[in-house]
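Visitor: Structure incoming, see below.
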Amino acid sequence: MIAPVRRSLALAASRGCRHALLAARSPRTTPRVVRVASYTTTSRLRQDAFHAQLENPASAPFLSPSKGATPTPQTLTEKIVQRYSVGLAPGKNVRAGDYVTLAPHHCMTHDNSWPVAMKFMSIGASKIHDNRQVVMTLDHDVQNKSEANLKKYRQIEEFAKKHGVDFYPAGRGIGHQIMVEEGYAWPGTVTVASDSHSNMYGGVGCLGTPMVRTDAASIWATGRTWWQIPPIAKVTLTGILPPGVTGKDVIVALCGLFNNDEVLNHAIEFTGAEHTMRSIPIDDRLAIANMTTEWGALSGLFPIDTMLQSWLRAKATTSAMLSSEAGSKFTHAKIDDLINNQLTADPGATYAKSLYLNLSTLSPFVAGPNSVKVATPLKDLEAQNIKLNKAYLVSCTNSRASDLAAAAKVFKDAAKDGVIPKVADGVKFYIAAASMIEQQAAEEAGDWQVLLAAGAEPLPSGCGPCIGLGTGLLEPGEVGVSASNRNFKGRMGSTDAKAYLASPEVVAASALQGKIAGPGWYMKPDGVEKVIIGEGNGDHEQDKAISIEEALDKIIAMADGMIANAEKDLLGESSPAADITTTTEETLTEILPGFPEKIEGEIVFCDADNINTDGIYPGKYTYQDNVSTEKMAEVCMENYDAAFGTVARAGDILVSGFNFGCGSSREQAATAILAKKIPLVVAGSFGNIFSRNSINNALMGVEVPRLVERLRETFGEKALTRRTGWKLVWDVRRSKVVVTEGEGGETWSQKVGELPPNVQEIIARGGLEKWVKKEIGEA
């Protein structure tokens, strides 16, 4: 037929005109590649956040190779994943959205190593596939000297010794810091951990992303696990970081100013001009990457640039001079190889979205209270005279030697006649280094001693108060400021306390003054009145060209549709696109024998967005391995609503808002809901790590944004947990939900993501652990 040829020629001609226009208006030499229908709207992203992995049975098999080959420019994330994917079809270039089988460079587990080991043994595995791939650290509950915890620590150490696994005992440091300082998180590699702050490895150009306990057991047994490459967001940093502004301020501002789930379940790539990136030291990059978790992202990757190379060279030189470890991972030869085979994003690589932040316009920021989505300029909080009870310089986010030095400088600057001033009356100031190596560096510089002289209370190197364990937790009514990463309600103690997050120097200045305050190091540049942020790359001419390009793409797509319809009408033929959009035939999902075709129950509504895993299952129970099912059911959702346990009943359908299950990687967030005998969770969208835990632990979930909106329209007055009287039926075979809005109320239906047979099988077997066990048994 001549019509399709005519259309192709017209399309090529129009695009040629477009690129000529762009060339005249933009200095870019490489045309931007536009990928049609790729993660373009928030609503689409929410759908992909959970059920994207369920919508296409052909693309969702676990631990199986991806198929197909479509060469395309790749992002840095895609290039790194390409290197660590196994079983790819010949010529296959991976891209966002693909399911891959990953063989990570390293996999770290911490206090959860024993529960992982129990899963590992329960599936019938007896030998770790590659003991060099696995790292075990003890860091979360290091202050707990109970026999039960010490026994668990002994079991982990003995298991590591038996299998020849690298092991770091309690007190040596926080696992993520160890992974960086010991060189396990190496630039250009994929390194995972059974902890949500694995994103931190992105600060050194390593694609770090969280896995959950079941995934870790699978990696131990097979060396690999499944992963869907997330949509990838580019965050362009412009300007330079002003004096008195830190990496912590950067990420607190990003979390608070882009606070509408812009990067939810995305992989982030930070980029910028060389002078911009050189203004961000590696320690600051680590803090930024670490807290991309709180921003909602699955990774936060910085480039492998000259700043990183200089940091690596310094590490290698130090290692060579000390000659203490022949097996050091930091060697100049290894760095030479990294530089000679350097990975960078391809020109024209496609990103799901682009955001920018002008660093030169940034001032010190503080997050909170009790939310990272609330970010306020420090000067505004200083004016409120917020009295303080506790201050914390702890965690893997900001307690390296450079952070301790910044805090010590606050007290040294305030010293009179050489006498270090004390923290304010009524304030307790807790410090814990990210690792013993960082503490030793601070001691050699004299900074640790300055903080002790000021009255700071030292804690063992570990997570401690950051996760709500050990000494110094917030009591009811208290106010705390911390340099850590997470200030969810109840995370650091009482749900009736207020927690703020800030940089190390702001934490120290606040402890000194007894109120939220800064050290006065920041001087506002002339002409800066507000933080400059936005969508795009921060280059207005380039962003304008991209906007024109995208508008032309839409016009061309509309023209394609009009021509296709005209061809169908005039020539009696049907294009595949027309078939997809006009078909009314119902597609049915195969239901495995014994799997329920329908799940139904009364809706109990928890009316809140961003209910995190601390809210679902309190951190104080997370590392207790002997918690009964009954106890799990009792404490389910108690940090969110203490009355949930009496309102919700067995068989209810739990419905909540958007980004449900954000936060940490604890599997108990899913298993506690199952313990409450709630078979199904419905949300506007899910945090990715919760959705992964749900599948792995046989909890069903489905996203229905319309239902959340209807509930909020109907029940205007907010209640934390509400019995609605509404009924929901999930028709698994027809991939739709049917909602009846109360007795005699309206009934409506909504198509939802498919639950394909392979996922049904995992759920029917009781989760991925039992599925893997059966597969091993049949092998």
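Chain labels A, B, ... are given in the sequence in which chains occur in the structure tokens; within each chain residues are numbered consecutively from 1, and ligands are likewise numbered from 1 in the order shown.
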List every residue of range 436-553 of chain A that has an atom at most 6 Å from any atom of range 408-425 of chain A, giving for each one its closest atom pair and the distance in Å to one decimal, counting only C-alpha atoms, sorted by chain and then by ascending residue number, as CSV.

Guide:
residue,atom,partner,partner_atom,distance
A:Asp447,CA,A:Ala408,CA,5.4
A:Val450,CA,A:Ala408,CA,5.9
A:Leu451,CA,A:Ala408,CA,5.8
A:Ala454,CA,A:Lys422,CA,4.3
A:Gly455,CA,A:Lys422,CA,5.8
A:Ala511,CA,A:Val423,CA,5.4
A:Leu512,CA,A:Val423,CA,4.3
A:Gln513,CA,A:Ala424,CA,5.7
A:Gly514,CA,A:Ala424,CA,5.0

Visitor: I need the residues of range 283-382 of chain A that end up classed as helix (DSSP H, G or I) by DSSP on the backbone, written out as an MDAnalysis selection string.

Guide: chainID A and resid 283:291 306:322 332:340 359:361 378:382

Visitor: Find the residues around Ala633 in chain A up to 6 Å (only C-alpha atoms counted), leave out those fewer than 2 positions away in its own chain, and share them as a PyMOL selection string.

Guide: chain A and resi 630-631+635-636+672+675-676

Visitor: I need the chosen residues saved as an mmCIF file, in the first residue's frame, with all heavy atoms.

Guide:
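Output file selection21.cif is given in full below:
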data_model
loop_
_atom_site.group_PDB
_atom_site.id
_atom_site.type_symbol
_atom_site.label_atom_id
_atom_site.label_comp_id
_atom_site.auth_asym_id
_atom_site.auth_seq_id
_atom_site.Cartn_x
_atom_site.Cartn_y
_atom_site.Cartn_z
ATOM 1 N N GLU A 630 0.837 -13.404 66.372
ATOM 2 C CA GLU A 630 -0.183 -12.663 67.119
ATOM 3 C C GLU A 630 0.324 -11.278 67.512
ATOM 4 O O GLU A 630 -0.413 -10.287 67.431
ATOM 5 C CB GLU A 630 -0.596 -13.450 68.367
ATOM 6 C CG GLU A 630 -1.353 -14.742 68.097
ATOM 7 C CD GLU A 630 -0.433 -15.870 67.610
ATOM 8 O OE1 GLU A 630 0.800 -15.768 67.779
ATOM 9 O OE2 GLU A 630 -0.965 -16.850 67.061
ATOM 10 N N LYS A 631 1.582 -11.203 67.935
ATOM 11 C CA LYS A 631 2.147 -9.909 68.314
ATOM 12 C C LYS A 631 2.295 -9.010 67.091
ATOM 13 O O LYS A 631 2.041 -7.796 67.171
ATOM 14 C CB LYS A 631 3.502 -10.113 68.992
ATOM 15 C CG LYS A 631 4.140 -8.821 69.517
ATOM 16 C CD LYS A 631 3.320 -8.197 70.636
ATOM 17 C CE LYS A 631 4.032 -6.987 71.235
ATOM 18 N NZ LYS A 631 3.227 -6.336 72.287
ATOM 19 N N VAL A 635 0.630 -5.182 66.729
ATOM 20 C CA VAL A 635 1.350 -3.917 66.570
ATOM 21 C C VAL A 635 1.274 -3.374 65.147
ATOM 22 O O VAL A 635 1.809 -2.294 64.871
ATOM 23 C CB VAL A 635 2.832 -4.072 66.982
ATOM 24 C CG1 VAL A 635 2.929 -4.583 68.409
ATOM 25 C CG2 VAL A 635 3.591 -4.989 66.024
ATOM 26 N N CYS A 636 0.609 -4.110 64.250
ATOM 27 C CA CYS A 636 0.479 -3.663 62.867
ATOM 28 C C CYS A 636 -0.144 -2.269 62.813
ATOM 29 O O CYS A 636 -1.205 -2.035 63.395
ATOM 30 C CB CYS A 636 -0.373 -4.664 62.084
ATOM 31 S SG CYS A 636 -0.639 -4.220 60.356
ATOM 32 N N ALA A 672 3.285 -8.282 58.622
ATOM 33 C CA ALA A 672 2.416 -7.858 59.724
ATOM 34 C C ALA A 672 0.982 -7.670 59.242
ATOM 35 O O ALA A 672 0.025 -7.972 59.958
ATOM 36 C CB ALA A 672 2.938 -6.562 60.346
ATOM 37 N N ALA A 675 -0.379 -10.982 58.986
ATOM 38 C CA ALA A 675 -0.664 -11.496 60.327
ATOM 39 C C ALA A 675 -2.004 -10.975 60.839
ATOM 40 O O ALA A 675 -2.700 -11.659 61.592
ATOM 41 C CB ALA A 675 0.461 -11.104 61.295
ATOM 42 N N LYS A 676 -2.370 -9.777 60.421
ATOM 43 C CA LYS A 676 -3.660 -9.191 60.782
ATOM 44 C C LYS A 676 -4.804 -9.826 59.984
ATOM 45 O O LYS A 676 -5.966 -9.503 60.187
ATOM 46 C CB LYS A 676 -3.609 -7.680 60.517
ATOM 47 C CG LYS A 676 -4.804 -6.885 61.014
ATOM 48 C CD LYS A 676 -4.936 -6.875 62.520
ATOM 49 C CE LYS A 676 -6.117 -6.027 62.955
ATOM 50 N NZ LYS A 676 -6.419 -6.176 64.390
#

Visitor: Nearest to Arg666 in chain A: which of A:Pro115, A:Gly777, A:Pro104, A:Gly480 is it, counting only C-alpha atoms?

Guide: A:Pro115

Visitor: Each residue of range 103-221 of chain A with at least one atom at most 12 Å from range 248-268 of chain A should appear once, together with its nearest atom pair and the corresponding distance in Å (one decimal); atoms considered: only C-alpha atoms; ordering: chain, then increasing residue number; output as JSON lines.

Guide:
{"residue": "A:Asn199", "atom": "CA", "partner": "A:Ala267", "partner_atom": "CA", "distance": 9.4}
{"residue": "A:Met200", "atom": "CA", "partner": "A:Ile268", "partner_atom": "CA", "distance": 11.8}
{"residue": "A:Gly202", "atom": "CA", "partner": "A:Ile268", "partner_atom": "CA", "distance": 9.2}
{"residue": "A:Gly203", "atom": "CA", "partner": "A:Ile268", "partner_atom": "CA", "distance": 11.4}
{"residue": "A:Gly205", "atom": "CA", "partner": "A:Ile268", "partner_atom": "CA", "distance": 11.7}
{"residue": "A:Leu207", "atom": "CA", "partner": "A:Ala267", "partner_atom": "CA", "distance": 9.2}
{"residue": "A:Gly208", "atom": "CA", "partner": "A:Ala267", "partner_atom": "CA", "distance": 9.9}
{"residue": "A:Thr209", "atom": "CA", "partner": "A:Ala267", "partner_atom": "CA", "distance": 9.0}
{"residue": "A:Pro210", "atom": "CA", "partner": "A:Asn265", "partner_atom": "CA", "distance": 11.6}

Visitor: Please determine, counting only C-alpha atoms, which residue among A:Glu438, A:Glu602, A:Asp526, A:Asp98 has the shortest atom-to-atom distance to Arg172 in chain A.

Guide: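 Smallest distance to Arg172 in chain A is found for A:Glu438.
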
Visitor: Extract the full set of strand (DSSP E) residues from range 477-512 of chain A according to DSSP on the backbone, and format it as an MDAnalysis selection string.

Guide: chainID A and resid 479:482 498:501
